[in-house]
Every structure is written in structure tokens, then in C-alpha cells.
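Enquirer: The file below is work35.txt, compact mmCIF, C-alpha atoms:
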# COMPACT_ATOMS: atom_id res chain seq x y z
CA MET A 16 41.58 -41.41 -103.93
CA SER A 17 45.37 -41.35 -104.40
CA THR A 18 46.96 -43.40 -107.16
CA THR A 19 48.69 -45.58 -104.53
CA LEU A 20 45.33 -46.53 -102.99
CA ARG A 21 43.77 -47.12 -106.41
CA PHE A 22 46.59 -49.37 -107.65
CA GLY A 23 46.02 -52.24 -105.20
CA PRO A 24 42.30 -52.77 -105.83
CA GLU A 25 42.82 -52.46 -109.59
CA LEU A 26 45.61 -55.02 -109.50
CA ARG A 27 43.46 -57.42 -107.51
CA ARG A 28 40.52 -56.94 -109.89
CA LEU A 29 42.66 -57.72 -112.93
CA ARG A 30 44.25 -60.72 -111.24
CA VAL A 31 40.90 -62.20 -110.27
CA GLU A 32 39.52 -61.57 -113.76
CA ALA A 33 42.50 -63.52 -115.12
CA GLY A 34 41.54 -66.46 -112.88
CA LEU A 35 44.78 -66.40 -110.89
CA THR A 36 45.24 -67.06 -107.20
CA LEU A 37 47.68 -64.84 -105.36
CA THR A 38 50.07 -67.78 -105.09
CA GLU A 39 49.96 -68.45 -108.83
CA PHE A 40 50.43 -64.76 -109.55
CA SER A 41 53.43 -64.43 -107.23
CA VAL A 42 55.13 -67.47 -108.79
CA ALA A 43 54.53 -66.14 -112.30
CA LEU A 44 56.02 -62.74 -111.44
CA ASN A 45 58.81 -64.09 -109.22
CA TYR A 46 57.59 -61.78 -106.43
CA ASP A 47 57.00 -62.49 -102.77
CA LYS A 48 53.37 -63.45 -102.12
CA GLY A 49 53.21 -61.46 -98.90
CA HIS A 50 54.49 -58.34 -100.64
CA LEU A 51 51.90 -58.65 -103.41
CA SER A 52 49.17 -59.15 -100.83
CA LYS A 53 50.15 -55.91 -99.06
CA VAL A 54 50.24 -54.07 -102.40
CA GLU A 55 46.75 -55.26 -103.25
CA ARG A 56 45.48 -54.12 -99.83
CA GLY A 57 47.12 -50.71 -100.25
CA GLU A 58 49.55 -51.28 -97.37
CA ARG A 59 52.61 -51.12 -99.63
CA SER A 60 53.23 -49.01 -102.71
CA ALA A 61 54.17 -50.64 -105.99
CA SER A 62 57.47 -49.92 -107.69
CA PRO A 63 57.47 -48.94 -111.38
CA GLU A 64 59.07 -52.30 -112.16
CA LEU A 65 56.29 -54.23 -110.42
CA ALA A 66 53.62 -52.14 -112.13
CA GLN A 67 55.24 -52.75 -115.52
CA ARG A 68 55.54 -56.48 -114.90
CA CYS A 69 51.93 -56.76 -113.75
CA ASP A 70 50.80 -54.68 -116.71
CA ALA A 71 52.58 -56.92 -119.19
CA PHE A 72 51.47 -60.18 -117.56
CA LEU A 73 47.81 -59.16 -117.19
CA GLY A 74 47.60 -57.34 -120.54
CA ALA A 75 46.46 -54.10 -118.87
CA ASP A 76 47.81 -51.90 -121.71
CA GLY A 77 49.58 -49.47 -119.40
CA GLU A 78 46.66 -48.88 -117.00
CA LEU A 79 48.55 -50.10 -113.94
CA GLN A 80 51.69 -48.14 -114.81
CA ARG A 81 49.68 -44.94 -115.04
CA LEU A 82 48.77 -45.42 -111.36
CA VAL A 83 52.42 -45.47 -110.28
CA ALA A 84 54.88 -42.56 -110.41
CA ARG A 85 58.14 -43.21 -112.26
CA PRO A 86 61.08 -41.93 -110.19
CA ASP A 87 63.35 -41.83 -113.25
CA ALA A 88 60.99 -39.66 -115.30
CA ASP A 89 62.19 -36.17 -116.06
CA SER A 90 59.51 -33.76 -117.19
CA ARG A 91 62.01 -32.05 -119.45
CA THR A 92 62.38 -35.15 -121.61
CA ALA A 93 58.86 -34.83 -122.95
CA GLU A 94 59.30 -31.25 -124.06
CA SER A 95 59.79 -30.66 -127.74
CA PRO A 96 61.22 -28.71 -129.27
CA ALA A 97 63.92 -27.88 -126.76
CA GLY A 98 64.62 -24.42 -125.43
CA PRO A 99 66.90 -21.84 -127.06
CA SER A 100 69.65 -23.31 -129.19
CA ARG A 101 73.01 -23.71 -127.45
CA TRP A 102 75.14 -24.54 -130.42
CA LEU A 103 78.21 -22.54 -131.39
CA VAL A 104 77.64 -22.36 -135.16
CA GLY A 105 75.51 -19.40 -136.23
CA ARG A 106 72.19 -20.85 -137.38
CA ARG A 107 71.39 -17.99 -139.77
CA ALA A 108 74.86 -18.12 -141.31
CA VAL A 109 74.64 -21.85 -141.92
CA LEU A 110 71.15 -21.65 -143.37
CA SER A 111 72.08 -18.87 -145.76
CA ALA A 112 75.23 -20.71 -146.81
CA GLY A 113 73.24 -23.91 -147.22
CA THR A 114 70.73 -22.22 -149.50
CA GLY A 115 73.61 -21.11 -151.71
CA VAL A 116 74.93 -24.65 -151.76
CA LEU A 117 71.62 -26.04 -152.96
CA ILE A 118 71.32 -23.36 -155.65
CA ASP A 119 74.91 -23.88 -156.82
CA LEU A 120 74.50 -27.63 -157.10
CA GLY A 121 71.09 -27.58 -158.70
CA LEU A 122 69.61 -29.72 -155.87
CA LYS A 123 71.59 -32.70 -157.17
CA LEU A 124 73.68 -33.51 -154.10
CA GLY A 125 71.00 -34.98 -151.85
CA GLY A 126 72.50 -37.85 -149.87
CA GLN A 127 75.96 -37.48 -151.45
CA ALA A 128 78.60 -39.56 -149.67
CA LEU A 129 81.06 -37.60 -147.57
CA SER A 130 83.90 -39.53 -149.16
CA SER A 131 82.88 -38.76 -152.74
CA VAL A 132 84.55 -35.33 -152.83
CA GLU A 133 88.26 -35.33 -152.12
CA ASP A 134 89.34 -32.63 -149.70
CA PRO A 135 92.38 -33.31 -147.49
CA LEU A 136 91.10 -31.12 -144.67
CA LEU A 137 87.65 -32.70 -144.69
CA GLY A 138 89.31 -36.11 -144.73
CA SER A 139 91.26 -35.14 -141.63
CA TYR A 140 88.12 -34.04 -139.82
CA ARG A 141 86.40 -37.26 -140.86
CA MET A 142 89.18 -39.27 -139.23
CA GLN A 143 88.87 -37.08 -136.13
CA PHE A 144 85.16 -37.83 -136.00
CA ASP A 145 85.83 -41.58 -136.05
CA GLN A 146 88.42 -41.17 -133.29
CA LEU A 147 86.07 -39.06 -131.15
CA ARG A 148 83.32 -41.62 -131.56
CA LYS A 149 85.67 -44.33 -130.31
CA LEU A 150 86.81 -42.04 -127.50
CA GLY A 151 83.16 -41.66 -126.50
CA GLN A 152 83.23 -45.30 -125.43
CA THR A 153 85.92 -44.71 -122.81
CA THR A 154 85.63 -41.03 -121.82
CA ALA A 155 83.20 -39.01 -119.70
CA PRO A 156 80.69 -37.10 -121.91
CA LYS A 157 81.32 -33.80 -120.13
CA ILE A 158 84.97 -33.99 -121.12
CA LEU A 159 84.16 -34.62 -124.79
CA LEU A 160 81.35 -32.09 -125.17
CA PRO A 161 83.46 -28.90 -125.43
CA LEU A 162 85.70 -30.54 -128.03
CA LEU A 163 82.72 -31.81 -130.04
CA GLU A 164 81.08 -28.37 -130.00
CA THR A 165 84.30 -26.76 -131.22
CA GLN A 166 84.79 -29.33 -133.96
CA THR A 167 81.20 -28.90 -135.16
CA ARG A 168 81.74 -25.14 -135.41
CA MET A 169 85.04 -25.56 -137.25
CA VAL A 170 83.73 -28.06 -139.80
CA ALA A 171 80.61 -25.97 -140.47
CA GLY A 172 82.78 -22.89 -140.87
CA LEU A 173 85.04 -24.75 -143.25
CA ALA A 174 82.02 -25.80 -145.30
CA SER A 175 80.71 -22.23 -145.43
CA ASP A 176 84.01 -20.97 -146.87
CA ALA A 177 84.74 -23.89 -149.16
CA ARG A 178 84.39 -24.13 -152.91
CA SER A 179 81.06 -25.52 -154.08
CA ALA A 180 82.31 -29.08 -154.57
CA SER A 181 83.35 -29.37 -150.90
CA ARG A 182 80.57 -27.46 -149.17
CA ALA A 183 77.89 -30.12 -149.19
CA PRO A 184 80.14 -32.88 -147.82
CA GLY A 185 81.41 -30.40 -145.22
CA PHE A 186 77.92 -29.61 -143.95
CA LEU A 187 77.05 -33.31 -143.91
CA LEU A 188 80.09 -34.09 -141.78
CA ALA A 189 79.28 -31.16 -139.48
CA SER A 190 75.78 -32.60 -139.07
CA ARG A 191 77.25 -35.90 -137.86
CA PHE A 192 79.42 -34.03 -135.37
CA ALA A 193 76.30 -32.20 -134.12
CA GLU A 194 74.25 -35.41 -133.88
CA PHE A 195 76.98 -37.13 -131.87
CA THR A 196 77.26 -34.04 -129.66
CA GLY A 197 73.54 -34.40 -128.95
CA TRP A 198 74.04 -38.01 -127.89
CA MET A 199 76.89 -37.08 -125.56
CA ALA A 200 74.70 -34.31 -124.09
CA GLN A 201 72.04 -36.89 -123.31
CA GLU A 202 74.65 -39.16 -121.75
CA ALA A 203 75.70 -36.19 -119.63
CA GLY A 204 72.10 -35.88 -118.39
CA ASP A 205 71.06 -32.75 -120.33
CA SER A 206 67.98 -33.71 -122.35
CA ASP A 207 67.29 -30.14 -123.46
CA ALA A 208 70.77 -29.79 -124.95
CA ALA A 209 70.45 -33.24 -126.54
CA LEU A 210 67.29 -32.20 -128.38
CA GLY A 211 68.78 -28.83 -129.30
CA TRP A 212 71.93 -30.32 -130.82
CA THR A 213 69.89 -32.90 -132.70
CA GLY A 214 67.89 -30.04 -134.21
CA GLU A 215 71.10 -28.32 -135.26
CA ALA A 216 72.27 -31.54 -136.90
CA VAL A 217 69.11 -31.49 -139.00
CA GLU A 218 69.77 -27.90 -140.14
CA LEU A 219 73.35 -28.72 -141.10
CA ALA A 220 72.27 -31.84 -142.99
CA ARG A 221 69.71 -29.85 -144.95
CA ALA A 222 72.39 -27.32 -145.81
CA GLY A 223 74.39 -30.25 -147.18
CA GLY A 224 71.50 -31.51 -149.28
CA ASP A 225 70.54 -34.46 -147.06
CA PRO A 226 66.78 -34.46 -146.38
CA TYR A 227 66.84 -37.63 -144.30
CA LEU A 228 68.55 -36.73 -141.05
CA GLY A 229 65.47 -34.80 -139.97
CA SER A 230 63.62 -38.10 -139.76
CA TYR A 231 66.42 -39.68 -137.76
CA ALA A 232 66.09 -36.73 -135.37
CA LEU A 233 62.61 -38.07 -134.59
CA VAL A 234 64.21 -41.38 -133.58
CA ARG A 235 66.62 -39.54 -131.30
CA ARG A 236 63.77 -37.54 -129.75
CA ALA A 237 61.91 -40.82 -129.23
CA LEU A 238 64.90 -42.10 -127.22
CA VAL A 239 64.59 -39.10 -124.91
CA THR A 240 60.86 -39.68 -124.40
CA MET A 241 61.46 -43.42 -123.88
CA TYR A 242 63.86 -42.77 -121.01
CA GLY A 243 61.29 -40.33 -119.65
CA GLY A 244 58.72 -43.16 -119.52
CA ASP A 245 56.47 -41.62 -122.20
CA ALA A 246 55.40 -44.69 -124.18
CA ALA A 247 52.77 -42.93 -126.29
CA GLY A 248 55.17 -40.14 -127.23
CA THR A 249 57.87 -42.66 -128.11
CA VAL A 250 55.57 -44.60 -130.43
CA ALA A 251 54.19 -41.47 -132.10
CA LEU A 252 57.64 -40.02 -132.83
CA ALA A 253 58.99 -43.35 -134.09
CA ARG A 254 56.06 -43.87 -136.46
CA ARG A 255 56.68 -40.48 -138.06
CA ALA A 256 60.16 -41.68 -139.06
CA GLN A 257 58.99 -44.74 -141.00
CA SER A 258 57.70 -43.32 -144.29
CA SER A 259 58.56 -45.42 -147.32
CA GLU A 260 60.83 -42.84 -148.99
CA LEU A 261 63.33 -42.92 -146.12
CA PRO A 262 66.51 -45.06 -146.15
CA PRO A 263 66.10 -48.57 -144.69
CA ARG A 264 68.44 -47.90 -141.75
CA ILE A 265 66.47 -44.90 -140.48
CA ARG A 266 63.18 -46.77 -140.89
CA GLY A 267 64.65 -49.81 -139.16
CA LEU A 268 65.94 -47.82 -136.20
CA ALA A 269 62.56 -46.07 -135.98
CA ALA A 270 60.70 -49.40 -135.98
CA GLN A 271 63.04 -50.61 -133.24
CA ARG A 272 62.27 -47.53 -131.15
CA GLU A 273 58.53 -48.01 -131.74
CA ALA A 274 58.85 -51.56 -130.43
CA GLN A 275 60.48 -50.27 -127.26
CA GLY A 276 57.59 -47.84 -126.80
CA HIS A 277 55.05 -50.64 -127.13
CA ALA A 278 57.03 -52.78 -124.68
CA LEU A 279 56.82 -50.04 -122.04
CA VAL A 280 53.06 -50.62 -121.76
CA GLY A 281 53.17 -54.40 -122.30
CA ASN A 282 51.76 -54.34 -125.84
CA GLU A 283 53.40 -57.56 -126.98
CA VAL A 284 51.64 -57.96 -130.34
CA ASP A 285 52.59 -54.51 -131.66
CA CYS A 286 56.03 -54.73 -130.07
CA LEU A 287 56.95 -58.00 -131.78
CA ARG A 288 55.47 -56.79 -135.06
CA SER A 289 57.65 -53.67 -134.92
CA LEU A 290 60.72 -55.73 -134.05
CA ASP A 291 60.12 -57.97 -137.09
CA ARG A 292 59.90 -54.87 -139.27
CA ALA A 293 63.08 -53.45 -137.74
CA ARG A 294 64.93 -56.72 -138.25
CA GLU A 295 63.93 -56.88 -141.92
CA LEU A 296 64.85 -53.26 -142.65
CA LEU A 297 68.18 -53.31 -140.84
CA ALA A 298 69.16 -56.60 -142.47
CA SER A 299 68.55 -55.08 -145.92
CA ASP A 300 70.85 -52.14 -145.21
CA ASP A 301 74.57 -52.35 -145.92
CA VAL A 302 75.50 -49.01 -144.33
CA LEU A 303 78.03 -50.61 -141.99
CA ASN A 304 80.07 -51.52 -145.05
CA GLY A 305 80.06 -47.96 -146.40
CA ALA A 306 82.60 -45.19 -146.09
CA ASP A 307 80.38 -42.67 -144.32
CA PRO A 308 79.79 -42.38 -140.55
CA VAL A 309 77.11 -44.80 -139.43
CA ILE A 310 73.79 -43.37 -138.27
CA GLY A 311 72.98 -44.81 -134.87
CA THR A 312 75.05 -47.37 -133.00
CA SER A 313 78.21 -48.64 -134.67
CA HIS A 314 79.16 -51.13 -131.94
CA VAL A 315 76.06 -53.35 -131.83
CA SER A 316 76.22 -55.79 -134.74
CA ASP A 317 72.51 -56.64 -134.60
CA PRO A 318 70.54 -53.72 -133.06
CA ALA A 319 67.18 -55.43 -133.60
CA ALA A 320 68.27 -58.53 -131.70
CA MET A 321 69.64 -56.49 -128.81
CA SER A 322 66.42 -54.47 -128.66
CA THR A 323 64.43 -57.70 -128.70
CA GLY A 324 66.22 -58.78 -125.55
CA TRP A 325 65.40 -55.53 -123.77
CA CYS A 326 61.79 -55.50 -124.96
CA LEU A 327 61.25 -59.02 -123.66
CA HIS A 328 62.19 -57.78 -120.19
CA ASP A 329 59.61 -54.99 -120.37
CA LEU A 330 57.05 -57.48 -121.66
CA GLY A 331 57.42 -59.52 -118.48
CA ARG A 332 59.56 -62.32 -119.97
CA PRO A 333 62.87 -61.88 -118.13
CA LYS A 334 64.23 -65.40 -118.73
CA ALA A 335 63.87 -65.05 -122.49
CA SER A 336 65.30 -61.53 -122.22
CA ALA A 337 68.37 -62.78 -120.36
CA GLU A 338 69.03 -65.47 -122.97
CA VAL A 339 68.96 -62.99 -125.85
CA LEU A 340 71.00 -60.33 -124.04
CA ASP A 341 73.62 -62.88 -122.95
CA ARG A 342 74.07 -64.01 -126.55
CA GLU A 343 74.22 -60.51 -128.06
CA TYR A 344 76.48 -59.17 -125.30
CA ARG A 345 79.17 -61.66 -126.26
CA ARG A 346 79.28 -60.06 -129.72
CA LEU A 347 80.14 -56.56 -128.46
CA PRO A 348 83.72 -55.36 -129.11
CA PRO A 349 85.91 -55.35 -125.97
CA HIS A 350 86.89 -51.68 -126.36
CA ALA A 351 83.28 -50.42 -126.39
CA LEU A 352 83.11 -49.86 -122.63
CA ARG A 353 80.08 -47.56 -122.66
CA THR A 354 78.06 -49.93 -124.85
CA ARG A 355 79.14 -52.93 -122.77
CA ALA A 356 78.09 -51.14 -119.58
CA ARG A 357 74.69 -50.28 -121.08
CA TYR A 358 73.78 -53.79 -122.16
CA GLY A 359 75.65 -55.44 -119.31
CA PHE A 360 73.44 -53.79 -116.71
CA ARG A 361 70.40 -54.71 -118.75
CA ARG A 362 71.58 -58.33 -118.68
CA SER A 363 72.00 -58.06 -114.92
CA LEU A 364 68.50 -56.65 -114.53
CA ALA A 365 66.99 -59.43 -116.65
CA HIS A 366 68.73 -62.11 -114.58
CA ALA A 367 67.66 -60.43 -111.33
CA ALA A 368 64.05 -60.31 -112.53
CA SER A 369 64.34 -64.02 -113.33
CA GLY A 370 65.39 -64.72 -109.74
CA GLU A 371 69.02 -65.46 -110.66
CA VAL A 372 70.23 -63.02 -108.03
CA GLU A 373 73.81 -64.21 -107.55
CA HIS A 374 74.45 -64.23 -111.30
CA ALA A 375 72.90 -60.77 -111.63
CA CYS A 376 75.20 -59.45 -108.89
CA ALA A 377 78.25 -61.05 -110.50
CA ILE A 378 77.48 -59.32 -113.82
CA ALA A 379 76.85 -55.97 -112.16
CA GLY A 380 79.92 -56.25 -109.96
CA GLU A 381 82.20 -56.46 -113.00
CA LEU A 382 80.59 -53.37 -114.55
CA LEU A 383 80.35 -51.03 -111.56
CA GLY A 384 84.09 -50.47 -111.60
CA VAL A 385 83.85 -49.18 -115.19
CA MET A 386 81.13 -46.61 -114.53
CA PRO A 387 83.33 -43.82 -113.09
CA ALA A 388 85.36 -43.86 -116.32
CA VAL A 389 82.31 -43.77 -118.61
CA PRO A 390 79.53 -42.03 -116.66
CA SER A 391 76.18 -42.13 -118.45
CA ALA A 392 72.82 -40.68 -117.47
CA THR A 393 70.95 -43.30 -119.51
CA VAL A 394 72.96 -46.22 -118.11
CA SER A 395 72.52 -44.82 -114.60
CA SER A 396 68.76 -45.00 -115.01
CA ASP A 397 69.12 -48.75 -115.63
CA VAL A 398 71.45 -49.07 -112.63
CA ARG A 399 68.75 -47.45 -110.47
CA ARG A 400 66.23 -49.96 -111.78
CA LEU A 401 68.64 -52.76 -110.94
CA ALA A 402 69.11 -51.41 -107.42
CA ARG A 403 65.34 -51.39 -106.88
CA GLU A 404 65.03 -54.92 -108.27
CA LEU A 405 67.80 -56.22 -106.01
CA SER A 406 66.27 -54.50 -102.98
CA ARG A 407 63.69 -57.31 -103.00
CA PHE A 408 66.47 -59.74 -102.09
CA ARG A 409 68.07 -58.00 -99.11
CA SER A 410 68.67 -61.31 -97.39
CA SER A 411 71.01 -62.39 -100.19
CA ARG A 412 74.67 -62.11 -99.29
CA ALA A 413 75.53 -61.31 -102.92
CA VAL A 414 73.14 -58.36 -102.82
CA ARG A 415 74.53 -57.09 -99.50
CA ASP A 416 78.08 -57.32 -100.83
CA LEU A 417 77.13 -55.36 -103.95
CA GLN A 418 75.28 -52.57 -102.14
CA PRO A 419 78.32 -50.35 -101.33
CA ALA A 420 79.50 -50.32 -104.96
CA LEU A 421 75.96 -49.61 -106.16
CA ALA A 422 75.63 -46.76 -103.73
CA ARG A 423 78.91 -45.19 -104.86
CA VAL A 424 77.87 -45.24 -108.53
CA LEU A 425 74.42 -43.81 -107.80
CA ALA A 426 75.63 -41.13 -105.38
CA PRO A 427 75.22 -37.58 -106.77
CA ALA A 428 78.41 -36.16 -108.27
CA HIS A 429 80.09 -33.38 -106.28
CA GLY A 430 82.40 -30.61 -107.36
Give the structure from the file, written as C-alpha cells.
Expert:
Amino acid sequence: MSTTLRFGPELRRLRVEAGLTLTEFSVALNYDKGHLSKVERGERSASPELAQRCDAFLGADGELQRLVARPDADSRTAESPAGPSRWLVGRRAVLSAGTGVLIDLGLKLGGQALSSVEDPLLGSYRMQFDQLRKLGQTTAPKILLPLLETQTRMVAGLASDARSASRAPGFLLASRFAEFTGWMAQEAGDSDAALGWTGEAVELARAGGDPYLGSYALVRRALVTMYGGDAAGTVALARRAQSSELPPRIRGLAAQREAQGHALVGNEVDCLRSLDRARELLASDDVLNGADPVIGTSHVSDPAAMSTGWCLHDLGRPKASAEVLDREYRRLPPHALRTRARYGFRRSLAHAASGEVEHACAIAGELLGVMPAVPSATVSSDVRRLARELSRFRSSRAVRDLQPALARVLAPAHG
């Protein structure tokens, strides 16, 4: 029996076991009763969003989602490690140079701040890194990628040739360039390159005496698997990055990612427990006040709170999700267009799932005009989810008016 034919009977069985009539169930999910009836009879297929919402509401622990194909899933996102390295810095050269660094410094530079060794050229590259990170909020990833790759190569080369006192900070800065390059590669829709560059960031960090970035690489890999719909893989990778010897920020970001993995299958207890852990760890970390480049987002003032809002949506609590996302969205800096687009569309999706269709369309309408300037593969996946959610309300004039702009943003790029 196909998964489509199995989904309906399984949904009905779980609903009946929960003691719910079809009317009660449709009201709870904010879904049309007739549509749900056809899904249960196998006359209509269920969308991934409906499967996720039913899963969370009925506590099915992902069973219903496994019976529905995810159109956004990309089989490449679950592969690890990635294919052949694409970076422009010679791996063998960096590793050999890094070994010399560690020998020269007697293994005493682990975690040394980039700003602790004065080098005018390194300071210039550090300022360039900050500028490129800001530029990433307003520029297409494919435009930035060649520049980021070149800068990573130049900083790593500078570190290889530098005197001992400057080599470790140089490799550490090069690792941040490589990590950011990986993020831009993911935003450009190339998951393989994203994983490859993240791996290169780990090698550069080790050459600089920082043993921690390898654990953050697990968090980045977990983001790739999360967008691929692999909840189990996301949780497993995130848990590996939470050992007690790691810095609080990395552990906090890992706990946050674990929570998102649990939310994908409606596991509310473990999700909220992970969010509490993330909140505690991130609150104890003062990295945003330091001189070094921030690991992870630098534009979201409270990452745990923002993740809580998104997790609540996946847990089938869209009204609560919308409230949290509305509050946290107001705290985003105006210049962070990419970040505002990401969480703005998530706000829109939460309001749409709550039945606040006109408000959802108003939010999305303001953001769709920004998307051509800051294209993003990860944000586009949320826009596709929003389009599917709004398709349930075709009779709404607000939805009909928004459709042309949605279609233009989701149309495949040409040229």
C-alpha cells in the first residue's frame, strides 16, 4: 500500500484514539473539515505541513510525517561528509603549517583571541570580515562567495608566512572566513559546498590552536540536515556538540538546534527541555561583548527566544509561535535584511497557520520585494511552506493579490 493510502487510515485511527470528532479535530488544527475527511478516506493527499501539525497535536512522534514525502527535502543535505573539498587554500600546506604553529607555541595558544596579537595586516582583514558579514545581509550569496573564497585563501596564506606570534591568530581568522563562506554557500543552495567549507574552517581553526570550532561544525551540519527534514540526524549531530568541556555559546547553539530537531517530529517535552538548556547557556555567555567575531548569528539578540517561536509552530501551537516571533522580530536591526526576511516569513507562516490570513499576507507582502536583493535558499524553503499554507485560503482576496509576487520569488532563476 502506498504511503498516501496508509496516511489517511492512520490519521483516523489516531484521531479516534484521542477521542476527537472530525469537527473538533478540524477546529483544533484550523483546517477545513471536508478536506480532513477526504484525507482520512485517502481521496486527498496530505501536505507536509498538515502531517507535521497532526503529528504534533496527536503526539504521534513523527509517524505521520514519515508517511508523507517532503517536497523541500534534498537528499544531498543528509550526506556527510561532503564530497571533494572545493576550497582554494591547500589543505596539506595549512595542516603542515599548523603543526609547526602548535610546536612553536608549545600548545599554549588554544582559544587565543584574534585581537590579542597586534598585526596591522591581520587587523585590516578582521575589519574586512566584519564588513563582509554586514554585506551578507544585503547582497546575493553568489556575489559574495568568490570574494570570501579569495579572502580565506589570502588570510591563510598570510598566516602560513607570518612570524610565530601572528600565525595562530591568522589561522583563526581564516577559519571564520571559511565558516562564513560555508553559510553563504548554503544560502546559495549548495549544501555540499556548505559542508565542505565548514570542514575547512575546522582544519584552519585547529591549525590556529582552537579545538572548539570542530564542535560548532556539528551544529552547522545539523542545520543542513534540519532543512532537509532529517529530525533524527539533526538531534544526533546537535547532541554531539554539547559536551561539558565546550564553550557555553557552542553548547547553547547546539541545544537550540537539538530543540528544532525535536520540534520537527512534535516531541514537545524534549524540545522545551532543550530550549531551556539553550537559554541558560546562551545567557551565561558574554561573547557578544568580546572583540572576536561572533560564532553563529550576530543579529539576533536572543537566539533561544527566536528559536522558541519557530519551534512552537512546528509543535502545532501557531498562535503562541506568532506572539513570540512578533516580539523578537521587533528587536532585529533594520539593516539586517536577510535576517529580517528569514524571521519575517516565519512570522507570516505562523499567522497563516493561526488563521490570520490577511495579516500573514500583509507581512509577506512587505518582505517579497526584498527577496531579489537577498536571495536565500533557506528562506525560500520557508516561502514555499507559506505558499502551501496560503493555498488553503484561495477564496481570500489577500491571498489572491499576493499570489503573483509569491510566484515571482519562487520561480526558478534563469541565466
Enquirer: Please compute the atom CA of A:Val239-atom CA of A:Gly204 distance, one decimal, in Å.
Expert: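 Interatomic distance here is 10.5 Å.
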Enquirer: Calculate, to one decimal in Å, the centre and edge lengths of the box along x, y and z of the file that holds all listed atoms of stretch 48-64 of chain A with 4 Å of margin on each side, and present them as JSON.
Expert:
{"center_x": 52.3, "center_y": -56.2, "center_z": -104.8, "size_x": 21.6, "size_y": 22.5, "size_z": 22.8}
Enquirer: Determine, counting all atoms listed in the file, which protein, DNA and RNA residues have an atom within 9 Å of an atom of A:Ala220; residues of the same chain fewer than 5 positions away are not included. Present the result as an MDAnalysis selection string.
Expert: chainID A and resid 183 186:191 215 225:229
Enquirer: What is the atom CA of A:Leu147-atom CA of A:Tyr358 distance in Å, reported with one decimal?
Expert: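 Going from atom CA of A:Leu147 over to atom CA of A:Tyr358, I get 21.2 Å.
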Enquirer: Could you check which of A:Asp397, A:Arg362, A:Leu137, A:Gly151 is closest to A:Ala335, using all atoms listed in the file?
Expert: A:Arg362
Enquirer: Rounded to one decimal in Å, what is the spacing between atom CA of A:Pro63 and atom CA of A:Leu44?
Expert: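 We find that atom CA of A:Pro63 and atom CA of A:Leu44 lie 13.9 Å from each other.
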Enquirer: Could you name the residues that touch A:Thr354 at 12 Å or less, counting all atoms listed in the file, but leaving out those on the same chain fewer than 5 positions away, as a PyMOL selection string?
Expert: chain A and resi 148-149+151-153+202+312-316+318+321+343-349+359-361+382+385-386+389-391+393-394
Enquirer: Mind checking which residues fall within 7 Å of A:Cys376, counting all atoms listed in the file, ignoring those fewer than 4 positions away in the same chain, and posting them as a VMD selection string?
Expert: chain A and resid 363 372 380 413 to 414 417
Enquirer: Show me, as a PyMOL selection string, the residues that have an atom within 10 Å of A:His277 when counting only C-alpha atoms, minus same-chain residues fewer than 2 positions from it.
Expert: chain A and resi 76-77+246-247+249-250+272-275+279-287+289+326+329-330
Enquirer: Considering only C-alpha atoms, can you say which of A:Ala232, A:His374, A:Arg332, A:Ala251 comes closest to A:Ala43?
Expert: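 With only C-alpha atoms as the atom set, the closest residue is A:Arg332.
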Enquirer: Given all atoms listed in the file, how would the per-residue table for stretch 21-92 of chain A near stretch 367-370 of chain A read, listing every residue at most 10 Å away with its closest atom pair and distance in Å to one decimal, sorted by chain and number, as CSV?
Expert:
residue,atom,partner,partner_atom,distance
A:Leu44,CA,A:Ala368,CA,8.5
A:Asn45,CA,A:Gly370,CA,6.6
A:Tyr46,CA,A:Gly370,CA,9.0
A:Glu64,CA,A:Ala368,CA,9.4
A:Arg68,CA,A:Ala368,CA,9.6
Enquirer: Name the residues within 12 Å of (75.5, -33.7, -121.7), counting all atoms listed in the file in the file's coordinates, and put them as a PyMOL selection string.
Expert: chain A and resi 101+155-161+163-164+195-212+390-393
Enquirer: So which residues touch A:Ser336 within 8 Å, counting all atoms listed in the file, skipping near sequence neighbours fewer than 6 positions away, as an MDAnalysis selection string?
Expert: chainID A and resid 323:328 362 365
Enquirer: With C-alpha atoms retained, export the selected residues as a PDB file, in the frame of the given file.
Expert:
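Result file follows (selection_29.pdb):
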ATOM      1  CA  THR A 323      64.430 -57.700-128.700  1.00  0.00           C
ATOM      2  CA  GLY A 324      66.220 -58.780-125.550  1.00  0.00           C
ATOM      3  CA  TRP A 325      65.400 -55.530-123.770  1.00  0.00           C
ATOM      4  CA  CYS A 326      61.790 -55.500-124.960  1.00  0.00           C
ATOM      5  CA  LEU A 327      61.250 -59.020-123.660  1.00  0.00           C
ATOM      6  CA  HIS A 328      62.190 -57.780-120.190  1.00  0.00           C
ATOM      7  CA  ARG A 362      71.580 -58.330-118.680  1.00  0.00           C
ATOM      8  CA  ALA A 365      66.990 -59.430-116.650  1.00  0.00           C
TER       9      ALA A 365
END
